[in-house]
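Enquirer: Can you read through this structure? Questions will come right after.
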Amino acid sequence: KQRLVPVLPVVAEALGDYIDACPHDLALDGPLFVGKRGKRLSARMIQRQMGRVRALLGLPETATPHALRHSFATHLLAGGGEVALRKGRLLHRSGAVVNVVAPQVCDELRAIVAQSGGACIDRAFASTDLDGAALVICATDDRSTNADIASQAQQRGLPVNVVDDPSLGDFIFPAIVDRSPVLISISSSGASPVLARKLRAQLESSLPARWGRLADLMARFRQPLKEKLDNIGARRLFWEQTLDSPVVEKVLAGKDSEAEAMLAAAIESADAA
């Protein structure tokens with residue numbers, strides 16, 4: 001049971017190959033990723049979701065499925081204001097259980113904590129708040145408090161993010177452009193969070209919100225196309241041509257049913273040769 005990693009639906013959408021991602025002997029002793037029905041997740045699914053969680057939590061590309069177990073565990077967020085709220089949104093989106101400790105917690109953050117299955121601790125930080133945490137975010141408005149929490153967490157071997165002071169922490173959060181299931185991660189490696197947010201704002205204004213709907217549509221038709229075309233090269237070419245076709249225009253215009261019909265017809269007439 002210690003090897004099982006339960007994966008919430010929001011995470012289970014895209015998880016890919018755990019066995020192929022690790023050496024064979026390591027995989028046999030490592031965690032088993034399971035979906036909401038208790039079945040082991042497929043190989044390709046874990047690899048995809050690894051990328052999604054890396055982007056959300058600012059983890060390096062070398063992060064393994066072992067490290068990503070922390071993304072589905074309980075995280076401690078110190079702080080209850082606007083900055084903490086932004087971090088809470090990211091943690092919740094990654095599938096984590098979020099505990100918040102702060103004398104005052106804003107209403108939206110309280111709602112996020114409740115939805116994640118966590119708890120709000122309405123007081124100043126205490127060392128016992130680190131018990132059971134897999135990851136710690138320091139987002140109070142007091143630098144000395146953040147430094148103290150980070151130091152105690154690091155003494156326990158817990159990864160720490162310190163808002164606006166990356167030198168005190170172990171990892172950073174990138175700016176995220178969310179067109180779920182499409183995510184774009186922007187990071188200045190802690191040099192200038194303001195610049196990262198500026199670039200995110202520019203991308204937000206230039207990238208249509210319905211690109212996520214297009215990705216969802218393509219995801220629904222992946223299996224029918226696979227049944228029609230067994231050659232991976234042919235399938236790749238089909239999707240490249242689809243992205244240059246009127247299907248995209250229909251989705252961006254909000255004409256999903258027309259786009260779906262066009263895509264279904266294109267798959268039906270696809271040449272398996």
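Naming scheme: A, B, ... for chains in displayed order of the structure tokens; residues 1 onward per chain; ligands 1 onward as shown.
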Based on the backbone DSSP call, show me all residues of stretch 108-222 of chain A assigned strand (DSSP E or B), as a list of chain:residue names.
Expert: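 In stretch 108-222 of chain A, DSSP puts these residues in strand (DSSP E or B): A:Cys120, A:Ile121, A:Leu135, A:Val136, A:Ile137, A:Cys138, A:Val160, A:Asn161, A:Val162, A:Ala175, A:Ile176, A:Val177, A:Asp178, A:Arg179, A:Val182, A:Leu183, A:Ile184, A:Ser185, A:Ile186.
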Enquirer: Export C-alpha atoms of the chosen residues as a compact mmCIF listing (two decimals), in the first residue's frame?
Expert:
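Below you can see again_29.txt, which holds the result:
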```
# COMPACT_ATOMS: atom_id res chain seq x y z
CA CYS A 120 -7.22 25.99 7.24
CA ILE A 121 -5.23 26.55 10.44
CA LEU A 135 6.10 20.25 0.13
CA VAL A 136 6.03 23.74 1.71
CA ILE A 137 5.18 27.16 0.23
CA CYS A 138 6.14 30.25 2.22
CA VAL A 160 10.41 24.65 -0.13
CA ASN A 161 9.30 27.56 -2.28
CA VAL A 162 9.72 31.06 -0.82
CA ALA A 175 3.96 31.93 -14.66
CA ILE A 176 1.24 29.81 -16.28
CA VAL A 177 -0.92 30.42 -19.32
CA ASP A 178 -3.79 27.99 -18.83
CA ARG A 179 -5.78 26.79 -21.81
CA VAL A 182 -2.89 23.03 -22.85
CA LEU A 183 -0.49 24.73 -20.43
CA ILE A 184 2.34 27.15 -21.20
CA SER A 185 4.94 27.66 -18.47
CA ILE A 186 7.08 30.83 -18.34
```
Enquirer: Using only C-alpha atoms, which of the listed residues (A:Ala191, A:Val98, A:Ala147, A:Ala84) sits closest to A:Gly132?
Expert: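 Looking only at the distances to A:Gly132, the closest residue turns out to be A:Val98.
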Enquirer: With only C-alpha atoms as the atoms that count, which of A:Leu168, A:Ile112, A:Ala196, A:Ala266 lies nearest to A:Arg93?
Expert: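 Smallest separation from A:Arg93 among the options: A:Ile112.
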Enquirer: So how many Å separate atom CA of A:Lys250 and atom CA of A:Asn231, to one decimal?
Expert: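 Separation between atom CA of A:Lys250 and atom CA of A:Asn231: 27.4 Å.
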Enquirer: Residues of stretch 97-212 of chain A that approach stretch 232-249 of chain A to 12 Å or less, counting only C-alpha atoms: could you list each one with the shortest pair of atoms and its distance in Å to one decimal, rows by chain and increasing residue number, as a tab-separated table?
Expert:
```
residue	atom	partner	partner_atom	distance
A:Pro208	CA	A:Glu249	CA	11.2
A:Arg210	CA	A:Val248	CA	9.7
A:Trp211	CA	A:Val248	CA	8.7
A:Gly212	CA	A:Val248	CA	11.3
```
Enquirer: Between A:Ala201, A:Ala73, A:Val251, A:Cys106, single out the one closest to A:Leu91, counting only C-alpha atoms.
Expert: A:Ala73
Enquirer: Could you tell me which of A:Asp170, A:Glu260, A:Asp164, A:Asp129 comes closest to A:Phe221 if we count only C-alpha atoms?
Expert: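 Ranked by minimum distance to A:Phe221, first place goes to A:Glu260.
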